[in-house]
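Text of final.pdb (PDB, C-alpha atoms and all ligand atoms) as supplied:
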ATOM      1  CA  MET A  29     412.946  53.094 120.232
ATOM      2  CA  ASN A  30     415.105  49.957 120.443
ATOM      3  CA  ASN A  31     415.158  47.386 123.235
ATOM      4  CA  ALA A  32     418.813  47.147 124.267
ATOM      5  CA  PRO A  33     419.570  45.513 127.638
ATOM      6  CA  ALA A  34     419.234  47.951 130.507
ATOM      7  CA  ALA A  35     422.789  47.821 131.903
ATOM      8  CA  HIS A  36     423.624  51.464 131.549
ATOM      9  CA  ARG A  37     426.463  53.266 133.289
ATOM     10  CA  LEU A  38     426.179  56.968 134.052
ATOM     11  CA  VAL A  39     429.292  58.908 133.073
ATOM     12  CA  ILE A  40     429.487  62.465 134.391
ATOM     13  CA  VAL A  41     431.888  64.832 132.646
ATOM     14  CA  GLY A  42     433.528  67.279 135.061
ATOM     15  CA  GLN A  43     432.995  68.065 138.725
ATOM     16  CA  GLY A  44     431.385  71.499 138.656
ATOM     17  CA  ALA A  45     428.420  72.225 140.933
ATOM     18  CA  ILE A  46     425.791  70.318 138.920
ATOM     19  CA  GLY A  47     428.287  67.579 137.932
ATOM     20  CA  SER A  48     429.105  67.019 141.604
ATOM     21  CA  LEU A  49     425.407  67.030 142.466
ATOM     22  CA  LEU A  50     424.724  64.330 139.845
ATOM     23  CA  ALA A  51     427.634  62.281 141.219
ATOM     24  CA  ALA A  52     426.306  62.659 144.782
ATOM     25  CA  LYS A  53     422.836  61.528 143.670
ATOM     26  CA  ALA A  54     424.233  58.532 141.774
ATOM     27  CA  GLN A  55     426.344  57.630 144.797
ATOM     28  CA  GLN A  56     423.319  57.899 147.092
ATOM     29  CA  GLN A  57     421.298  55.626 144.789
ATOM     30  CA  HIS A  58     424.151  53.042 144.579
ATOM     31  CA  LEU A  59     424.183  53.294 140.778
ATOM     32  CA  ASP A  60     426.899  52.243 138.358
ATOM     33  CA  TYR A  61     428.513  55.608 137.646
ATOM     34  CA  GLY A  62     431.851  57.285 137.097
ATOM     35  CA  VAL A  63     433.355  60.654 136.403
ATOM     36  CA  ILE A  64     435.610  61.988 133.661
ATOM     37  CA  PRO A  65     437.483  64.511 135.773
ATOM     38  CA  ARG A  66     438.857  67.795 134.535
ATOM     39  CA  ASN A  67     442.233  66.938 136.030
ATOM     40  CA  LYS A  68     443.872  63.519 136.376
ATOM     41  CA  GLN A  69     441.830  62.022 139.237
ATOM     42  CA  PRO A  70     438.275  62.686 140.444
ATOM     43  CA  LEU A  71     438.169  64.882 143.547
ATOM     44  CA  ALA A  72     436.980  63.405 146.838
ATOM     45  CA  MET A  73     433.758  65.245 147.681
ATOM     46  CA  HIS A  74     431.862  66.188 150.819
ATOM     47  CA  TYR A  75     428.141  66.540 150.109
ATOM     48  CA  GLN A  76     425.714  68.419 152.372
ATOM     49  CA  HIS A  77     421.959  68.697 152.040
ATOM     50  CA  LEU A  78     421.066  71.899 153.828
ATOM     51  CA  ALA A  79     417.356  71.235 154.515
ATOM     52  CA  SER A  80     417.716  67.721 155.993
ATOM     53  CA  GLY A  81     421.204  67.986 157.472
ATOM     54  CA  LEU A  82     422.232  64.843 155.568
ATOM     55  CA  SER A  83     425.899  64.741 154.615
ATOM     56  CA  PHE A  84     428.351  62.144 153.315
ATOM     57  CA  ASP A  85     431.801  61.822 151.754
ATOM     58  CA  PHE A  86     432.500  60.032 148.499
ATOM     59  CA  THR A  87     435.111  59.722 145.789
ATOM     60  CA  PRO A  88     433.766  58.932 142.312
ATOM     61  CA  THR A  89     435.444  56.311 140.129
ATOM     62  CA  SER A  90     437.442  57.649 137.210
ATOM     63  CA  VAL A  91     436.220  56.686 133.725
ATOM     64  CA  THR A  92     439.000  56.334 131.185
ATOM     65  CA  GLN A  93     437.162  54.575 128.368
ATOM     66  CA  LEU A  94     433.590  54.983 127.178
ATOM     67  CA  SER A  95     431.444  52.034 126.113
ATOM     68  CA  LEU A  96     428.247  51.430 124.090
ATOM     69  CA  GLN A  97     425.871  51.403 127.053
ATOM     70  CA  ASP A  98     427.168  54.581 128.640
ATOM     71  CA  ILE A  99     424.926  57.569 129.247
ATOM     72  CA  ILE A 100     427.300  60.539 129.120
ATOM     73  CA  LEU A 101     426.059  63.531 131.100
ATOM     74  CA  LEU A 102     427.650  66.895 130.272
ATOM     75  CA  PRO A 103     426.854  69.288 133.155
ATOM     76  CA  LEU A 104     429.414  71.807 131.889
ATOM     77  CA  LYS A 105     429.358  75.460 130.934
ATOM     78  CA  ALA A 106     427.806  75.968 127.503
ATOM     79  CA  PHE A 107     431.083  77.287 126.098
ATOM     80  CA  GLN A 108     432.936  74.128 127.243
ATOM     81  CA  ILE A 109     430.653  71.621 125.511
ATOM     82  CA  ASP A 110     432.090  71.563 122.007
ATOM     83  CA  ASN A 111     435.674  71.276 123.211
ATOM     84  CA  ALA A 112     434.763  68.526 125.711
ATOM     85  CA  LEU A 113     432.956  66.514 123.019
ATOM     86  CA  ALA A 114     435.867  66.963 120.601
ATOM     87  CA  HIS A 115     438.207  65.306 123.110
ATOM     88  CA  LEU A 116     436.035  62.299 124.004
ATOM     89  CA  THR A 117     435.993  59.051 122.043
ATOM     90  CA  ILE A 118     432.275  58.314 122.105
ATOM     91  CA  PRO A 119     430.947  55.060 120.576
ATOM     92  CA  ALA A 120     428.038  55.684 118.161
ATOM     93  CA  GLU A 121     425.543  53.899 120.463
ATOM     94  CA  ALA A 122     426.396  55.808 123.655
ATOM     95  CA  SER A 123     423.887  58.432 124.773
ATOM     96  CA  ILE A 124     424.747  62.099 125.285
ATOM     97  CA  VAL A 125     422.878  64.338 127.733
ATOM     98  CA  LEU A 126     423.482  68.082 127.369
ATOM     99  CA  MET A 127     422.827  69.840 130.656
ATOM    100  CA  HIS A 128     423.784  73.471 130.962
ATOM    101  CA  ASN A 129     422.478  77.000 131.271
ATOM    102  CA  GLY A 130     421.799  78.808 128.026
ATOM    103  CA  MET A 131     421.215  77.553 124.498
ATOM    104  CA  GLY A 132     423.079  77.108 121.253
ATOM    105  CA  THR A 133     424.986  73.821 121.654
ATOM    106  CA  ILE A 134     422.431  71.309 120.362
ATOM    107  CA  GLU A 135     423.016  71.850 116.645
ATOM    108  CA  ALA A 136     426.817  71.478 116.896
ATOM    109  CA  THR A 137     426.410  68.306 118.984
ATOM    110  CA  GLN A 138     424.024  66.776 116.434
ATOM    111  CA  THR A 139     426.441  67.578 113.614
ATOM    112  CA  ARG A 140     429.330  65.997 115.498
ATOM    113  CA  PHE A 141     427.341  62.895 116.588
ATOM    114  CA  PRO A 142     424.607  62.214 113.992
ATOM    115  CA  SER A 143     424.034  58.567 115.101
ATOM    116  CA  ASN A 144     424.053  58.886 118.894
ATOM    117  CA  PRO A 145     420.986  59.136 121.088
ATOM    118  CA  ILE A 146     421.058  62.762 122.319
ATOM    119  CA  LEU A 147     418.994  64.411 125.057
ATOM    120  CA  ALA A 148     418.866  67.919 126.514
ATOM    121  CA  ALA A 149     418.066  68.550 130.170
ATOM    122  CA  THR A 150     417.853  71.502 132.468
ATOM    123  CA  THR A 151     417.534  71.767 136.227
ATOM    124  CA  SER A 152     416.732  74.588 138.620
ATOM    125  CA  TYR A 153     418.222  72.863 141.696
ATOM    126  CA  GLY A 154     420.181  75.225 143.921
ATOM    127  CA  VAL A 155     423.735  74.098 144.689
ATOM    128  CA  TYR A 156     427.073  75.723 145.347
ATOM    129  CA  LYS A 157     430.647  74.715 146.063
ATOM    130  CA  PRO A 158     432.154  76.764 148.905
ATOM    131  CA  HIS A 159     435.416  74.844 148.241
ATOM    132  CA  SER A 160     436.397  72.580 145.353
ATOM    133  CA  ASN A 161     435.773  69.494 147.557
ATOM    134  CA  THR A 162     432.490  70.581 149.155
ATOM    135  CA  LEU A 163     429.052  70.633 147.592
ATOM    136  CA  VAL A 164     426.051  72.195 149.336
ATOM    137  CA  GLU A 165     422.531  71.525 148.047
ATOM    138  CA  THR A 166     420.468  74.507 149.099
ATOM    139  CA  GLY A 167     417.218  74.551 147.207
ATOM    140  CA  GLN A 168     414.751  72.030 145.846
ATOM    141  CA  GLY A 169     414.192  72.540 142.125
ATOM    142  CA  LYS A 170     412.753  70.657 139.201
ATOM    143  CA  THR A 171     414.262  69.065 136.146
ATOM    144  CA  ALA A 172     413.116  68.970 132.537
ATOM    145  CA  ILE A 173     414.431  66.556 129.916
ATOM    146  CA  GLY A 174     413.609  65.549 126.365
ATOM    147  CA  TRP A 175     414.962  63.768 123.330
ATOM    148  CA  VAL A 176     416.852  65.670 120.685
ATOM    149  CA  GLN A 177     417.470  62.636 118.436
ATOM    150  CA  HIS A 178     417.320  58.811 118.366
ATOM    151  CA  PRO A 179     415.169  58.002 121.439
ATOM    152  CA  ASN A 180     416.051  54.793 123.275
ATOM    153  CA  LYS A 181     413.668  53.124 125.714
ATOM    154  CA  THR A 182     416.111  51.705 128.253
ATOM    155  CA  VAL A 183     418.137  54.924 128.338
ATOM    156  CA  GLN A 184     414.909  56.761 129.073
ATOM    157  CA  GLN A 185     413.998  54.297 131.847
ATOM    158  CA  CYS A 186     417.431  54.660 133.429
ATOM    159  CA  LEU A 187     417.352  58.481 133.338
ATOM    160  CA  GLN A 188     413.750  58.547 134.534
ATOM    161  CA  SER A 189     414.598  56.567 137.650
ATOM    162  CA  PHE A 190     417.894  58.388 138.363
ATOM    163  CA  LEU A 191     416.686  61.955 137.812
ATOM    164  CA  GLU A 192     413.213  61.552 139.327
ATOM    165  CA  THR A 193     414.788  60.201 142.531
ATOM    166  CA  GLY A 194     417.729  62.616 142.584
ATOM    167  CA  LEU A 195     416.531  65.838 140.935
ATOM    168  CA  GLY A 196     412.763  65.443 140.824
ATOM    169  CA  PRO A 197     410.125  66.310 140.028
ATOM    170  CA  LEU A 198     411.241  65.289 136.543
ATOM    171  CA  TYR A 199     409.278  66.361 133.469
ATOM    172  CA  TRP A 200     409.738  64.644 130.095
ATOM    173  CA  HIS A 201     409.005  66.986 127.211
ATOM    174  CA  ASP A 202     408.091  66.007 123.664
ATOM    175  CA  ASN A 203     409.320  69.454 122.705
ATOM    176  CA  ILE A 204     412.376  70.105 124.846
ATOM    177  CA  GLN A 205     412.980  73.424 123.041
ATOM    178  CA  LEU A 206     410.025  74.916 124.920
ATOM    179  CA  ALA A 207     411.401  73.865 128.321
ATOM    180  CA  LEU A 208     414.880  75.109 127.381
ATOM    181  CA  TRP A 209     413.465  78.507 126.394
ATOM    182  CA  GLN A 210     411.518  78.686 129.675
ATOM    183  CA  LYS A 211     414.743  78.045 131.602
ATOM    184  CA  LEU A 212     416.534  80.514 129.317
ATOM    185  CA  ALA A 213     414.103  83.202 130.510
ATOM    186  CA  VAL A 214     414.946  82.329 134.140
ATOM    187  CA  ASN A 215     418.668  82.608 133.466
ATOM    188  CA  ALA A 216     418.249  85.748 131.317
ATOM    189  CA  VAL A 217     416.758  87.501 134.365
ATOM    190  CA  ILE A 218     418.555  86.047 137.374
ATOM    191  CA  ASN A 219     422.078  85.564 136.097
ATOM    192  CA  PRO A 220     423.000  88.994 134.656
ATOM    193  CA  LEU A 221     421.087  91.002 137.283
ATOM    194  CA  THR A 222     422.677  89.167 140.224
ATOM    195  CA  ALA A 223     426.111  89.508 138.595
ATOM    196  CA  ILE A 224     425.745  93.233 137.825
ATOM    197  CA  HIS A 225     424.208  94.181 141.195
ATOM    198  CA  GLN A 226     426.366  91.693 143.153
ATOM    199  CA  ILE A 227     423.426  90.219 145.059
ATOM    200  CA  LYS A 228     422.008  86.812 145.926
ATOM    201  CA  ASN A 229     419.080  85.525 143.862
ATOM    202  CA  GLY A 230     416.668  86.532 146.635
ATOM    203  CA  GLY A 231     417.766  90.175 146.267
ATOM    204  CA  LEU A 232     415.712  90.269 143.061
ATOM    205  CA  GLN A 233     412.549  90.233 145.193
ATOM    206  CA  ASP A 234     413.166  93.941 145.847
ATOM    207  CA  PRO A 235     410.472  95.958 143.988
ATOM    208  CA  GLN A 236     413.167  98.057 142.255
ATOM    209  CA  PHE A 237     413.696  95.038 139.946
ATOM    210  CA  ASN A 238     410.024  94.587 138.979
ATOM    211  CA  ASN A 239     410.254  96.685 135.812
ATOM    212  CA  VAL A 240     413.425  95.186 134.431
ATOM    213  CA  ILE A 241     412.179  91.639 135.136
ATOM    214  CA  HIS A 242     409.002  92.488 133.233
ATOM    215  CA  GLU A 243     410.949  93.935 130.271
ATOM    216  CA  ILE A 244     413.300  90.961 129.981
ATOM    217  CA  CYS A 245     410.409  88.467 130.132
ATOM    218  CA  GLN A 246     408.412  90.490 127.625
ATOM    219  CA  GLU A 247     411.289  90.391 125.124
ATOM    220  CA  VAL A 248     411.826  86.654 125.607
ATOM    221  CA  ALA A 249     408.085  86.018 125.209
ATOM    222  CA  LEU A 250     408.051  87.973 121.918
ATOM    223  CA  VAL A 251     410.911  85.884 120.516
ATOM    224  CA  MET A 252     409.317  82.629 121.730
ATOM    225  CA  GLN A 253     405.949  83.562 120.220
ATOM    226  CA  ALA A 254     407.659  84.385 116.894
ATOM    227  CA  LEU A 255     409.181  80.874 117.040
ATOM    228  CA  ASN A 256     405.663  79.446 117.494
ATOM    229  CA  MET A 257     406.045  78.589 121.160
ATOM    230  CA  PRO A 258     402.903  78.986 123.266
ATOM    231  CA  VAL A 259     403.878  81.334 126.113
ATOM    232  CA  THR A 260     402.714  84.412 127.990
ATOM    233  CA  ILE A 261     404.768  87.090 129.743
ATOM    234  CA  GLU A 262     402.934  86.307 132.996
ATOM    235  CA  ALA A 263     403.830  82.595 132.785
ATOM    236  CA  LEU A 264     407.505  83.434 132.258
ATOM    237  CA  LYS A 265     407.461  85.918 135.146
ATOM    238  CA  ASP A 266     405.746  83.423 137.479
ATOM    239  CA  ASN A 267     408.401  80.859 136.661
ATOM    240  CA  VAL A 268     411.228  83.351 137.238
ATOM    241  CA  ARG A 269     409.729  84.426 140.588
ATOM    242  CA  GLU A 270     409.387  80.806 141.724
ATOM    243  CA  VAL A 271     413.094  80.180 141.063
ATOM    244  CA  ILE A 272     414.075  83.463 142.767
ATOM    245  CA  ILE A 273     412.158  82.377 145.889
ATOM    246  CA  ASN A 274     413.369  78.751 145.838
ATOM    247  CA  THR A 275     417.010  79.770 145.432
ATOM    248  CA  ALA A 276     416.811  83.042 147.398
ATOM    249  CA  ASP A 277     419.892  82.284 149.475
ATOM    250  CA  ASN A 278     422.063  81.338 146.477
ATOM    251  CA  TYR A 279     424.486  83.332 144.445
ATOM    252  CA  SER A 280     423.779  82.553 140.789
ATOM    253  CA  SER A 281     426.416  80.819 138.706
ATOM    254  CA  MET A 282     427.048  84.059 136.776
ATOM    255  CA  ASN A 283     427.446  86.068 139.963
ATOM    256  CA  ARG A 284     430.103  83.570 141.086
ATOM    257  CA  ASP A 285     431.822  83.435 137.692
ATOM    258  CA  ILE A 286     432.130  87.223 137.440
ATOM    259  CA  ALA A 287     433.260  87.553 141.078
ATOM    260  CA  ALA A 288     435.973  84.926 140.484
ATOM    261  CA  GLY A 289     437.109  86.421 137.152
ATOM    262  CA  ARG A 290     435.984  83.305 135.230
ATOM    263  CA  PRO A 291     434.282  83.425 131.802
ATOM    264  CA  SER A 292     430.489  83.637 132.053
ATOM    265  CA  GLU A 293     427.710  82.000 130.009
ATOM    266  CA  ILE A 294     426.234  85.363 128.978
ATOM    267  CA  ASP A 295     426.837  84.739 125.228
ATOM    268  CA  PHE A 296     424.665  81.596 125.477
ATOM    269  CA  ILE A 297     421.937  83.292 127.560
ATOM    270  CA  ASN A 298     421.126  86.963 126.784
ATOM    271  CA  GLY A 299     423.533  86.802 123.823
ATOM    272  CA  TYR A 300     421.594  83.846 122.352
ATOM    273  CA  ILE A 301     418.290  85.711 122.800
ATOM    274  CA  VAL A 302     419.724  88.740 120.956
ATOM    275  CA  GLN A 303     420.996  86.561 118.088
ATOM    276  CA  GLN A 304     417.618  84.849 117.662
ATOM    277  CA  ALA A 305     415.760  88.182 117.949
ATOM    278  CA  ASN A 306     418.009  89.765 115.303
ATOM    279  CA  LYS A 307     417.158  86.952 112.854
ATOM    280  CA  LEU A 308     413.460  87.631 113.499
ATOM    281  CA  GLY A 309     413.732  91.442 113.446
ATOM    282  CA  ILE A 310     412.562  91.784 117.088
ATOM    283  CA  ASP A 311     413.860  94.530 119.379
ATOM    284  CA  VAL A 312     415.330  93.066 122.590
ATOM    285  CA  SER A 313     417.223  96.107 123.844
ATOM    286  CA  HIS A 314     417.081  95.085 127.527
ATOM    287  CA  ASN A 315     418.694  91.734 126.788
ATOM    288  CA  GLN A 316     421.197  93.480 124.517
ATOM    289  CA  ARG A 317     422.163  95.892 127.320
ATOM    290  CA  LEU A 318     422.599  93.104 129.893
ATOM    291  CA  TRP A 319     424.742  91.123 127.428
ATOM    292  CA  GLN A 320     427.028  94.147 126.972
ATOM    293  CA  GLN A 321     427.134  95.016 130.689
ATOM    294  CA  VAL A 322     428.169  91.514 131.760
ATOM    295  CA  ASN A 323     430.801  91.316 129.042
ATOM    296  CA  GLN A 324     432.178  94.669 130.223
ATOM    297  CA  LEU A 325     432.250  93.400 133.820
ATOM    298  CA  ALA A 326     434.096  90.280 132.694
ATOM    299  CA  GLN A 327     436.746  92.417 130.983
ATOM    300  CA  GLN A 328     437.233  94.506 134.131
ATOM    301  CA  SER A 329     437.578  91.552 136.526
TER     302      SER A 329
HETATM  303  O1  LIG B   1     422.733  79.617 136.909
HETATM  304  C1  LIG B   1     422.188  79.472 138.025
HETATM  305  O2  LIG B   1     422.689  79.924 139.057
HETATM  306  C2  LIG B   1     420.934  78.637 138.107
HETATM  307  O3  LIG B   1     420.598  78.187 136.815
HETATM  308  C3  LIG B   1     419.724  79.333 138.723
HETATM  309  C4  LIG B   1     418.508  78.471 138.511
HETATM  310  C5  LIG B   1     419.533  80.713 138.146
HETATM  311  C6  LIG B   1     419.815  79.403 140.233
HETATM  312  O4  LIG B   1     420.844  80.186 140.723
END
Could you render the structure as structure tokens?
Amino acid sequence: MNNAPAAHRLVIVGQGAIGSLLAAKAQQQHLDYGVIPRNKQPLAMHYQHLASGLSFDFTPTSVTQLSLQDIILLPLKAFQIDNALAHLTIPAEASIVLMHNGMGTIEATQTRFPSNPILAATTSYGVYKPHSNTLVETGQGKTAIGWVQHPNKTVQQCLQSFLETGLGPLYWHDNIQLALWQKLAVNAVINPLTAIHQIKNGGLQDPQFNNVIHEICQEVALVMQALNMPVTIEALKDNVREVIINTADNYSSMNRDIAAGRPSEIDFINGYIVQQANKLGIDVSHNQRLWQQVNQLAQQS
């Protein structure tokens, strides 16, 4: 780790649900931050925290040029990452934080930016945007983060303080792959089932879903074990159930994407599990079926 001065700016790419949540948290903490908006100017946002009743309005600053000390957070859809990175001029010292559902983007990012500090993070916070300018935080979650390459001490300190305060509890992982696979199991259950059955996350508490949840977790556990990750089916199921309960009143991101006719992240969730299982010769027919069903739904909408 090097000892660069600690004057980091947080740069958030996009204003999706998690991007807007990060901006709201940075705003609340009076941090040096800005947004690279999808369109010309950042949107003015109204933030509401459901549990406490806290709400405020803010308009993030627009970032037009990246600098050495920037920490660039990419809370985008997995399928948007490569294109977003291709269009940014990122200095070799700036840090990149991948933050999305699903897996499969780390390798391409490392190839594109071999010298940059890179991290991967995942959060289970419940948020939704009833309108493009309104963000509602509904459920307390937790956040996991870890280094992918070139760790940097002051970047870590900055992210530790920001994410622990805003999206805590925050867990640093020496092996972020394990945490990403654990979150992958959560998304492999909740996202396709809530999209196919058109229900909120809490609807998965109905006993009719017990078997399918078990089968999906069993398949993911088999693949993880074959990749030498210490995991049990029960641990994956417990984790999935916790997120279902904590975000019971939410529609999952895939439910919303399918309902709105937008592309979904299914190829990076159940599709990624199938690809890894195929390489290992493991049967994951439940994941395979969900992958196909959601892709069929996407074609119909
Ligand atoms: O994709 C989502 O919606 C979220 O990752 C999660 C945790 C499943 C909550 O809805």
Would you give me, as JSON lines, each residue of chain A having an atom within 8 Å of an atom of ligand LIG 1 (chain B), along with its shortest atom pair and that distance in Å to one decimal, using only C-alpha atoms and all ligand atoms and sorting by chain and residue number?
{"residue": "A:Asn129", "atom": "CA", "partner": "B:LIG1", "partner_atom": "O3", "distance": 6.0}
{"residue": "A:Thr151", "atom": "CA", "partner": "B:LIG1", "partner_atom": "O3", "distance": 7.1}
{"residue": "A:Ser152", "atom": "CA", "partner": "B:LIG1", "partner_atom": "C4", "distance": 4.3}
{"residue": "A:Tyr153", "atom": "CA", "partner": "B:LIG1", "partner_atom": "C4", "distance": 6.5}
{"residue": "A:Gly154", "atom": "CA", "partner": "B:LIG1", "partner_atom": "C6", "distance": 5.6}
{"residue": "A:Val155", "atom": "CA", "partner": "B:LIG1", "partner_atom": "O4", "distance": 7.8}
{"residue": "A:Lys211", "atom": "CA", "partner": "B:LIG1", "partner_atom": "O3", "distance": 7.8}
{"residue": "A:Val214", "atom": "CA", "partner": "B:LIG1", "partner_atom": "C5", "distance": 6.3}
{"residue": "A:Asn215", "atom": "CA", "partner": "B:LIG1", "partner_atom": "C5", "distance": 5.1}
{"residue": "A:Ile218", "atom": "CA", "partner": "B:LIG1", "partner_atom": "C5", "distance": 5.5}
{"residue": "A:Asn219", "atom": "CA", "partner": "B:LIG1", "partner_atom": "C5", "distance": 5.8}
{"residue": "A:Asn229", "atom": "CA", "partner": "B:LIG1", "partner_atom": "O4", "distance": 6.4}
{"residue": "A:Val271", "atom": "CA", "partner": "B:LIG1", "partner_atom": "C4", "distance": 6.2}
{"residue": "A:Ile272", "atom": "CA", "partner": "B:LIG1", "partner_atom": "C6", "distance": 7.5}
{"residue": "A:Thr275", "atom": "CA", "partner": "B:LIG1", "partner_atom": "C6", "distance": 5.9}
{"residue": "A:Asn278", "atom": "CA", "partner": "B:LIG1", "partner_atom": "O4", "distance": 6.0}
{"residue": "A:Tyr279", "atom": "CA", "partner": "B:LIG1", "partner_atom": "O4", "distance": 6.1}
{"residue": "A:Ser280", "atom": "CA", "partner": "B:LIG1", "partner_atom": "O2", "distance": 3.3}
{"residue": "A:Ser281", "atom": "CA", "partner": "B:LIG1", "partner_atom": "O2", "distance": 3.8}
{"residue": "A:Met282", "atom": "CA", "partner": "B:LIG1", "partner_atom": "O1", "distance": 6.2}
{"residue": "A:Asn283", "atom": "CA", "partner": "B:LIG1", "partner_atom": "O2", "distance": 7.8}
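For the residues A:Gln108, A:Ile40, A:Leu163, A:Ile99, ranking by smallest atom-to-atom distance to A:Phe86 using all atoms listed in the file places A:Leu163 first.
Residue selection for this entry, given the PyMOL selection byres (((chain A and resi 72) around 12) and not hetatm), comprises Gln43, Ser48, Ala51, Ala52, Val63, Pro65, Gln69, Pro70, Leu71, Met73, His74, Tyr75, Phe84, Asp85, Phe86, Thr87, Pro88, Thr89, Ser90, His159, Ser160, Asn161, Thr162 and Leu163 of chain A.
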Quiz item: Do you know which residues are at most 9 Å from A:Lys105 counting all atoms listed in the file, after dropping those on the same chain fewer than 3 positions away, and could you put them as a PyMOL selection string?
Solution: chain A and resi 44+102+108-109+127-130+292-293
Quiz item: Can you list what the PyMOL selection byres (((chain A and resi 118) around 10) and not hetatm) grabs from this structure, as JSON, numbers by chain?
Solution: {"A": [93, 94, 95, 96, 98, 100, 113, 114, 115, 116, 117, 119, 120, 121, 122, 123, 124, 141, 144]}
Self-check item: Long-range neighbours of stretch 174-181 of chain A as a ChimeraX atom specification, 7 Å cut-off, only C-alpha atoms, 2 positions minimum in chain
Solution: /A:29-31,144-149,183-185,200-204
Any chance you could work out the residue set of the PyMOL selection byres (((chain A and resi 265) around 12) and not hetatm) here, as a short mmCIF file (atom, residue, chain, number, x, y, z; two decimals) with C-alpha atoms, keeping the file's coordinate frame?
data_model
loop_
_atom_site.label_atom_id
_atom_site.label_comp_id
_atom_site.auth_asym_id
_atom_site.auth_seq_id
_atom_site.Cartn_x
_atom_site.Cartn_y
_atom_site.Cartn_z
CA GLN A 210 411.52 78.69 129.68
CA LYS A 211 414.74 78.04 131.60
CA ALA A 213 414.10 83.20 130.51
CA VAL A 214 414.95 82.33 134.14
CA ASN A 215 418.67 82.61 133.47
CA ALA A 216 418.25 85.75 131.32
CA VAL A 217 416.76 87.50 134.36
CA ILE A 218 418.56 86.05 137.37
CA ASN A 238 410.02 94.59 138.98
CA ASN A 239 410.25 96.68 135.81
CA VAL A 240 413.42 95.19 134.43
CA ILE A 241 412.18 91.64 135.14
CA HIS A 242 409.00 92.49 133.23
CA GLU A 243 410.95 93.94 130.27
CA ILE A 244 413.30 90.96 129.98
CA CYS A 245 410.41 88.47 130.13
CA GLN A 246 408.41 90.49 127.62
CA GLU A 247 411.29 90.39 125.12
CA VAL A 248 411.83 86.65 125.61
CA ALA A 249 408.08 86.02 125.21
CA VAL A 259 403.88 81.33 126.11
CA THR A 260 402.71 84.41 127.99
CA ILE A 261 404.77 87.09 129.74
CA GLU A 262 402.93 86.31 133.00
CA ALA A 263 403.83 82.60 132.78
CA LEU A 264 407.50 83.43 132.26
CA ASP A 266 405.75 83.42 137.48
CA ASN A 267 408.40 80.86 136.66
CA VAL A 268 411.23 83.35 137.24
CA ARG A 269 409.73 84.43 140.59
CA GLU A 270 409.39 80.81 141.72
CA VAL A 271 413.09 80.18 141.06
CA ILE A 272 414.08 83.46 142.77
#
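Reported to one decimal place, the separation of atom CA of A:Asp311 from atom CA of A:Ala223 is 23.3 Å.
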Quiz prompt | Polymer residues at most 10 Å from A:Gln188, all atoms listed in the file, same-chain spacing of 4 or more positions, as a ChimeraX atom specification | solution = /A:173,182-184,192-194,196,198-200
Using all atoms of stretch 218-235 of chain A that appear in the file, construct an axis-aligned enclosing box with 8 Å of padding on every side and provide its centre coordinates and edge lengths in Å, rounded to one decimal, as AutoDock Vina command-line options.
--center_x 418.4 --center_y 90.7 --center_z 140.6 --size_x 31.9 --size_y 26.4 --size_z 28.0
Exercise. State, in Å with one decimal place, the distance from atom CA of A:Thr166 to atom CA of A:His77.
Key: 6.7 Å
Self-check item: Nearest-residue call for A:Asp60, choices A:Gly169, A:Cys186, A:Ser80, A:Gly309, using only C-alpha atoms
Solution: A:Cys186
